[in-house]
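Note: the block below is my_file_29.pdb and it holds PDB, C-alpha atoms.
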```pdb
ATOM      1  CA  MET X   1     -18.605  -8.305  -0.896
ATOM      2  CA  THR X   2     -17.041  -5.245  -2.477
ATOM      3  CA  SER X   3     -13.397  -4.563  -1.665
ATOM      4  CA  LEU X   4     -11.853  -1.178  -0.933
ATOM      5  CA  ALA X   5     -10.130  -1.287  -4.331
ATOM      6  CA  GLU X   6     -13.397  -1.984  -6.162
ATOM      7  CA  PHE X   7     -15.270   0.687  -4.208
ATOM      8  CA  ILE X   8     -12.713   3.438  -4.906
ATOM      9  CA  THR X   9     -12.400   2.482  -8.581
ATOM     10  CA  GLU X  10     -16.166   2.447  -9.007
ATOM     11  CA  LYS X  11     -16.627   5.825  -7.264
ATOM     12  CA  ARG X  12     -13.823   7.345  -9.346
ATOM     13  CA  GLU X  13     -15.323   6.078 -12.600
ATOM     14  CA  LYS X  14     -18.831   7.273 -11.632
ATOM     15  CA  ALA X  15     -17.317  10.704 -10.962
ATOM     16  CA  GLY X  16     -15.863  10.638 -14.484
ATOM     17  CA  LEU X  17     -12.284  10.842 -13.252
ATOM     18  CA  SER X  18      -9.179   9.078 -14.457
ATOM     19  CA  ILE X  19      -6.750   7.954 -11.801
ATOM     20  CA  TYR X  20      -4.645  11.006 -12.699
ATOM     21  CA  GLY X  21      -7.676  13.258 -12.320
ATOM     22  CA  LEU X  22      -8.393  11.797  -8.897
ATOM     23  CA  ALA X  23      -4.752  12.281  -7.906
ATOM     24  CA  ASP X  24      -4.968  15.928  -8.908
ATOM     25  CA  LYS X  25      -8.371  16.544  -7.298
ATOM     26  CA  SER X  26      -7.481  14.798  -4.033
ATOM     27  CA  SER X  27      -3.809  15.837  -3.758
ATOM     28  CA  ILE X  28      -2.880  12.178  -3.261
ATOM     29  CA  ALA X  29       0.190  10.757  -5.001
ATOM     30  CA  ILE X  30      -0.629   8.645  -8.053
ATOM     31  CA  GLU X  31       1.444   5.792  -6.601
ATOM     32  CA  THR X  32      -0.760   5.747  -3.494
ATOM     33  CA  LEU X  33      -3.930   5.666  -5.585
ATOM     34  CA  GLU X  34      -2.505   2.862  -7.720
ATOM     35  CA  ASP X  35      -1.760   0.897  -4.533
ATOM     36  CA  ILE X  36      -5.331   1.443  -3.322
ATOM     37  CA  GLU X  37      -6.996   0.532  -6.613
ATOM     38  CA  SER X  38      -4.804  -2.535  -7.141
ATOM     39  CA  GLY X  39      -5.712  -3.875  -3.696
ATOM     40  CA  ARG X  40      -2.256  -3.482  -2.139
ATOM     41  CA  GLU X  41      -3.624  -1.042   0.440
ATOM     42  CA  LEU X  42      -6.300  -2.663   2.576
ATOM     43  CA  PHE X  43      -6.747   0.151   5.089
ATOM     44  CA  LEU X  44      -6.080   3.872   4.847
ATOM     45  CA  PRO X  45      -4.629   6.591   7.029
ATOM     46  CA  VAL X  46      -7.278   9.061   8.163
ATOM     47  CA  THR X  47      -5.857  11.876   6.019
ATOM     48  CA  ILE X  48      -5.945   9.790   2.824
ATOM     49  CA  ARG X  49      -9.489   8.618   3.601
ATOM     50  CA  GLN X  50     -10.630  12.224   4.130
ATOM     51  CA  LYS X  51      -9.003  13.455   0.907
ATOM     52  CA  LEU X  52     -10.573  10.609  -1.070
ATOM     53  CA  ALA X  53     -13.978  11.219   0.470
ATOM     54  CA  ARG X  54     -13.846  14.911  -0.394
ATOM     55  CA  ALA X  55     -12.750  14.229  -3.990
ATOM     56  CA  LEU X  56     -15.278  11.411  -4.514
ATOM     57  CA  LYS X  57     -18.116  13.260  -2.761
ATOM     58  CA  CYS X  58     -18.817  10.646  -0.124
ATOM     59  CA  SER X  59     -18.228  10.356   3.597
ATOM     60  CA  PRO X  60     -14.997   9.014   5.127
ATOM     61  CA  ASN X  61     -17.119   6.451   7.002
ATOM     62  CA  GLU X  62     -18.471   5.169   3.691
ATOM     63  CA  ILE X  63     -14.891   4.442   2.587
ATOM     64  CA  LYS X  64     -13.900   3.036   5.983
ATOM     65  CA  LYS X  65     -16.547   0.317   5.867
ATOM     66  CA  TYR X  66     -14.736  -1.235   2.870
ATOM     67  CA  GLU X  67     -11.370  -1.285   4.600
ATOM     68  CA  ARG X  68     -10.177  -4.595   5.979
ATOM     69  CA  GLU X  69     -10.298  -5.013   9.720
ATOM     70  CA  TYR X  70      -7.053  -6.278  11.127
ATOM     71  CA  GLU X  71      -5.202  -6.986  14.297
ATOM     72  CA  PHE X  72      -1.587  -6.004  14.671
ATOM     73  CA  GLU X  73       0.954  -8.717  15.216
ATOM     74  CA  VAL X  74       4.500  -7.689  15.935
ATOM     75  CA  VAL X  75       7.103  -9.203  13.639
ATOM     76  CA  PRO X  76      10.547  -9.357  15.257
ATOM     77  CA  PHE X  77      13.045  -6.765  14.013
ATOM     78  CA  GLU X  78      15.512  -9.516  13.063
ATOM     79  CA  THR X  79      12.926 -11.172  10.818
ATOM     80  CA  ILE X  80      12.234  -7.890   9.019
ATOM     81  CA  GLU X  81      15.951  -7.217   8.526
ATOM     82  CA  GLU X  82      16.487 -10.738   7.188
ATOM     83  CA  LEU X  83      13.623 -10.285   4.726
ATOM     84  CA  LYS X  84      15.027  -6.930   3.597
ATOM     85  CA  SER X  85      18.416  -8.541   2.935
ATOM     86  CA  LYS X  86      16.810 -11.324   0.918
ATOM     87  CA  ILE X  87      14.813  -8.807  -1.127
ATOM     88  CA  LEU X  88      17.966  -6.813  -1.878
ATOM     89  CA  ARG X  89      19.696 -10.059  -2.943
ATOM     90  CA  ARG X  90      16.707 -10.639  -5.255
ATOM     91  CA  GLU X  91      15.783 -13.941  -3.648
ATOM     92  CA  THR X  92      12.456 -15.346  -4.784
ATOM     93  CA  ASN X  93       9.582 -17.274  -3.213
ATOM     94  CA  LEU X  94       9.684 -15.318   0.044
ATOM     95  CA  LYS X  95       6.848 -15.987   2.479
ATOM     96  CA  CYS X  96       4.953 -13.652   4.782
ATOM     97  CA  PRO X  97       6.115 -13.957   8.406
ATOM     98  CA  LEU X  98       2.514 -13.505   9.625
ATOM     99  CA  CYS X  99       0.487 -15.889   7.472
ATOM    100  CA  GLY X 100       2.968 -17.828   5.326
ATOM    101  CA  GLU X 101       1.483 -16.680   2.024
ATOM    102  CA  PRO X 102       3.706 -15.376  -0.821
ATOM    103  CA  LEU X 103       5.249 -11.916  -0.594
ATOM    104  CA  ILE X 104       5.246  -9.581  -3.569
ATOM    105  CA  THR X 105       8.655  -7.901  -3.494
ATOM    106  CA  ARG X 106      10.580  -5.243  -5.365
ATOM    107  CA  VAL X 107      13.604  -3.026  -4.938
ATOM    108  CA  ALA X 108      12.897   0.685  -5.262
ATOM    109  CA  LYS X 109      15.691   2.817  -6.646
ATOM    110  CA  MET X 110      15.763   6.273  -5.104
ATOM    111  CA  TYR X 111      18.189   9.114  -4.602
ATOM    112  CA  ASP X 112      19.107  10.670  -1.275
ATOM    113  CA  LEU X 113      19.608  14.387  -0.664
ATOM    114  CA  GLU X 114      23.187  14.160  -1.879
ATOM    115  CA  ASP X 115      22.079  12.522  -5.139
ATOM    116  CA  ASN X 116      23.394   9.085  -4.184
ATOM    117  CA  LEU X 117      21.487   6.102  -5.536
ATOM    118  CA  ILE X 118      19.962   3.969  -2.788
ATOM    119  CA  HIS X 119      18.054   0.699  -3.018
ATOM    120  CA  LEU X 120      15.062   0.198  -0.720
ATOM    121  CA  PRO X 121      13.429  -3.200  -0.249
ATOM    122  CA  LYS X 122       9.636  -3.223  -0.508
ATOM    123  CA  ALA X 123       7.190  -6.070   0.088
ATOM    124  CA  HIS X 124       3.545  -6.795   0.727
ATOM    125  CA  CYS X 125       1.656  -9.980   1.409
ATOM    126  CA  VAL X 126      -0.903 -11.267  -1.070
ATOM    127  CA  LYS X 127      -3.295 -12.187   1.752
ATOM    128  CA  CYS X 128      -2.757 -10.230   4.965
ATOM    129  CA  VAL X 129      -1.712  -6.713   5.975
ATOM    130  CA  PHE X 130       2.031  -7.359   6.260
ATOM    131  CA  GLN X 131       4.137  -4.761   4.416
ATOM    132  CA  ILE X 132       7.698  -3.554   4.274
ATOM    133  CA  LYS X 133       7.834   0.011   3.043
ATOM    134  CA  GLU X 134      10.459   2.512   3.990
TER     135      GLU X 134
END
```
Go ahead and render the structure in this file as structure tokens.
Amino acid sequence: MTSLAEFITEKREKAGLSIYGLADKSSIAIETLEDIESGRELFLPVTIRQKLARALKCSPNEIKKYEREYEFEVVPFETIEELKSKILRRETNLKCPLCGEPLITRVAKMYDLEDNLIHLPKAHCVKCVFQIKE
């Protein structure tokens, strides 16, 4: 079965677009497209789906059928905060609180409105839909 990542990559290549060309044509951030094509995004917000469909000349429903179906499980706030702290401390081998599979983690360095450097913990599960993104 074709994944969302494979479908979008294939449609983009058939349209003769680079990932940068698709970003420009769809007005979607390159980072978002990279997340989609690498398989980190398994389902899309309606606006992103519509922009992709317009740029790739297909219907939003055609894209939606490749998205992963999921059920929401609520992860306790304390668990999320503990994971964020561990990510910021650069701990390794962290596990997903939903399925127990490995988490891919990183610390994003960004600047606030007053030009202060801030570190934001990011994570996504290799198997399920769990993500930490602020």
> Of the candidates X:Gln50, X:Thr9, X:Ile80, X:Arg89, which one gets nearest to Glu134 of chain X if we count only C-alpha atoms?
Replying inline: X:Ile80
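Taken over the shown file, the PyMOL selection byres ((chain X and resi 104) around 7) identifies Pro102, Leu103, Thr105, Ala123, His124, Cys125 and Val126 of chain X.
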> If you apply the PyMOL selection byres ((chain X and resi 68) around 9) to this file, what residues do you get, as an MDAnalysis selection string?
Replying inline: chainID X and resid 3:4 42:43 64:67 69:70 129
> What is the distance between atom CA of Glu6 of chain X and atom CA of Glu62 of chain X, in Å to one decimal?
Replying inline: 13.2 Å
> So which residues touch segment 11-14 of chain X within 9 Å, counting all atoms listed in the file, skipping near sequence neighbours fewer than 4 positions away, as a ChimeraX atom specification?
Replying inline: /X:6-7,18-19,22,55-58
> Which one of X:Ala5, X:Cys99, X:Leu83, X:Val75 sits closest to Gly39 of chain X if you count all atoms listed in the file?
Replying inline: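 Answer, going by the shortest atom-to-atom distance: X:Ala5.
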>> Please determine, counting only C-alpha atoms, which residue among X:Glu34, X:Glu81, X:Glu91, X:Glu10 has the shortest atom-to-atom distance to Val107 of chain X.
In response: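 Among the listed residues, the smallest separation from Val107 of chain X belongs to X:Glu91.
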Just need the box for segment 122-128 of chain X, edges along x, y and z, holding every atom the file lists for it with 8 Å tacked onto each side, so centre and edge lengths in Å to one decimal, as lines of an AutoDock Vina configuration file.
```
center_x = 3.2
center_y = -7.7
center_z = 1.9
size_x = 28.9
size_y = 25.0
size_z = 22.0
```
> What is the atom CA of Arg49 of chain X-atom CA of Thr32 of chain X distance in Å, reported with one decimal?
Replying inline: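 Interatomic distance, atom CA of Arg49 of chain X to atom CA of Thr32 of chain X: 11.6 Å.
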> Which is closer to Cys128 of chain X than all the others in X:Thr92, X:Glu41, X:Ile48, X:Arg54, using only C-alpha atoms?
Replying inline: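 Once distances to Cys128 of chain X are computed over only C-alpha atoms, the minimum belongs to X:Glu41.
Note that atom CA of Pro60 of chain X and atom CA of Ile28 of chain X are 15.1 Å apart.
Checking X:Ile63, X:Lys127, X:Asp112, X:Gly16 one by one against Gly100 of chain X, counting only C-alpha atoms, you find the shortest gap at X:Lys127.
Of the listed residues (X:Leu120, X:Thr2, X:Ile87, X:Leu44), X:Leu44 comes nearest to Asn61 of chain X; the distances count only C-alpha atoms.
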>> Could you list, as an MDAnalysis selection string, every residue within 9 Å of Ala108 of chain X, counting only C-alpha atoms and ignoring same-chain residues fewer than 3 positions away?
In response: chainID X and resid 118:122
